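For reference, the structure is listed below as C-alpha cells.
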Amino acid sequence: MEAEIIKERIKLIEGKRESLLRLLEQPDLGTLRIDVNQALEEMDDLLDEFKRTFPVEN
C-alpha cells in the first residue's frame with residue numbers, strides 16, 4: 001500500500017475519533033463507555049505509531 005493512501009486513511013480515522021469523543025459525552029452510555037474508551041486508546045496508539053513512521057515534513 002502506498003504511503004499517500006495510508007495518509008488519507010489515517011485522516012479519515014482522525015475524523016472518526018471526534019465522533020467517539022462526542023459519544024463518550026453521552027450520559028446514558030452505560031457499559032459501552034468501556035468499549036468507547038478502549039477504541040479511543042487503540043486509535044491514539046495507531047495515530048502515534050503512524051506519526052513515528054511518517055513524520056511530518058516541514
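Ligands are numbered from 1 in the order shown, residues from 1 within each chain, and chains are lettered A, B, ... in the order they appear in the C-alpha cells.
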
If we count only C-alpha atoms, what is near Met43 of chain A at a cut-off of 9 Å, once residues fewer than 3 positions away on the same chain are taken out, given as a VMD selection string?
chain A and resid 13 to 14 17 38 to 40 46 to 48

Name the residues of chain A that come out as helix (DSSP H, G or I) in a backbone DSSP run; write them as a VMD selection string.
chain A and resid 3 to 24 32 to 53

Which residues, written as a list in words, have at least one atom at most 10 Å from Ile6 of chain A, with only C-alpha atoms counted and residues fewer than 5 positions away on the same chain left out?
Met1, Lys11, Leu12, Phe50 and Phe54 of chain A

Export all heavy atoms of the chosen residues as an mmCIF file, in the first residue's frame?
data_model
loop_
_atom_site.group_PDB
_atom_site.id
_atom_site.type_symbol
_atom_site.label_atom_id
_atom_site.label_comp_id
_atom_site.auth_asym_id
_atom_site.auth_seq_id
_atom_site.Cartn_x
_atom_site.Cartn_y
_atom_site.Cartn_z
ATOM 1 N N MET A 1 0.845 -1.167 0.000
ATOM 2 C CA MET A 1 0.000 0.000 0.000
ATOM 3 C C MET A 1 0.897 1.238 0.000
ATOM 4 O O MET A 1 1.864 1.313 0.740
ATOM 5 C CB MET A 1 -0.880 -0.027 1.250
ATOM 6 C CG MET A 1 -1.946 1.002 1.247
ATOM 7 S SD MET A 1 -3.043 0.931 2.681
ATOM 8 C CE MET A 1 -3.793 -0.647 2.504
ATOM 9 N N LYS A 11 -6.255 10.119 7.996
ATOM 10 C CA LYS A 11 -7.058 11.335 8.162
ATOM 11 C C LYS A 11 -8.519 10.980 8.408
ATOM 12 O O LYS A 11 -9.192 11.623 9.214
ATOM 13 C CB LYS A 11 -6.919 12.239 6.949
ATOM 14 C CG LYS A 11 -5.568 12.922 6.901
ATOM 15 C CD LYS A 11 -5.478 13.884 5.763
ATOM 16 C CE LYS A 11 -4.060 14.395 5.709
ATOM 17 N NZ LYS A 11 -3.912 15.684 5.167
ATOM 18 N N LEU A 12 -9.013 9.950 7.743
ATOM 19 C CA LEU A 12 -10.387 9.503 7.989
ATOM 20 C C LEU A 12 -10.546 8.996 9.420
ATOM 21 O O LEU A 12 -11.532 9.287 10.087
ATOM 22 C CB LEU A 12 -10.776 8.394 7.004
ATOM 23 C CG LEU A 12 -10.960 8.808 5.553
ATOM 24 C CD1 LEU A 12 -11.158 7.576 4.680
ATOM 25 C CD2 LEU A 12 -12.133 9.742 5.431
ATOM 26 N N PHE A 50 1.677 5.903 13.606
ATOM 27 C CA PHE A 50 1.707 6.485 12.271
ATOM 28 C C PHE A 50 2.623 7.703 12.228
ATOM 29 O O PHE A 50 3.429 7.863 11.313
ATOM 30 C CB PHE A 50 0.291 6.870 11.825
ATOM 31 C CG PHE A 50 0.264 7.631 10.543
ATOM 32 C CD1 PHE A 50 0.412 6.974 9.331
ATOM 33 C CD2 PHE A 50 0.112 9.002 10.529
ATOM 34 C CE1 PHE A 50 0.407 7.674 8.136
ATOM 35 C CE2 PHE A 50 0.104 9.716 9.344
ATOM 36 C CZ PHE A 50 0.251 9.048 8.150
ATOM 37 N N PHE A 54 5.682 8.014 9.793
ATOM 38 C CA PHE A 54 5.633 9.047 8.742
ATOM 39 C C PHE A 54 5.677 10.416 9.396
ATOM 40 O O PHE A 54 4.648 11.072 9.527
ATOM 41 C CB PHE A 54 4.353 8.919 7.915
ATOM 42 C CG PHE A 54 4.218 7.613 7.181
ATOM 43 C CD1 PHE A 54 3.450 6.579 7.701
ATOM 44 C CD2 PHE A 54 4.851 7.427 5.971
ATOM 45 C CE1 PHE A 54 3.323 5.386 7.022
ATOM 46 C CE2 PHE A 54 4.725 6.233 5.285
ATOM 47 C CZ PHE A 54 3.965 5.200 5.813
#

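The coordinates place atom CA of Ala3 of chain A at 11.7 Å from atom CA of Pro55 of chain A.
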
Any idea what's packed within 10 Å of Leu20 of chain A, counting only C-alpha atoms, ignoring anything in its chain fewer than 4 positions away? Could you give it as an mmCIF file with C-alpha atoms, in the first residue's frame?
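Done, and the output landed in selection31.cif:
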data_model
loop_
_atom_site.group_PDB
_atom_site.id
_atom_site.type_symbol
_atom_site.label_atom_id
_atom_site.label_comp_id
_atom_site.auth_asym_id
_atom_site.auth_seq_id
_atom_site.Cartn_x
_atom_site.Cartn_y
_atom_site.Cartn_z
ATOM 1 C CA GLY A 15 -12.112 12.378 11.888
ATOM 2 C CA LYS A 16 -13.865 9.399 13.411
ATOM 3 C CA LEU A 24 -18.272 9.447 25.271
ATOM 4 C CA GLU A 25 -20.059 12.606 26.443
ATOM 5 C CA ARG A 33 -18.319 3.508 27.792
ATOM 6 C CA VAL A 36 -15.513 3.539 23.582
ATOM 7 C CA ASN A 37 -12.579 4.257 25.897
ATOM 8 C CA ALA A 39 -11.387 2.266 20.977
ATOM 9 C CA LEU A 40 -10.005 5.729 21.741
#

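Counting only C-alpha atoms and comparing A:Ile10, A:Arg52, A:Glu4, A:Leu23, the residue that lies closest to Asp35 of chain A is A:Leu23.
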
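The space between atom CA of Asp44 of chain A and atom CA of Gln26 of chain A spans 20.5 Å.
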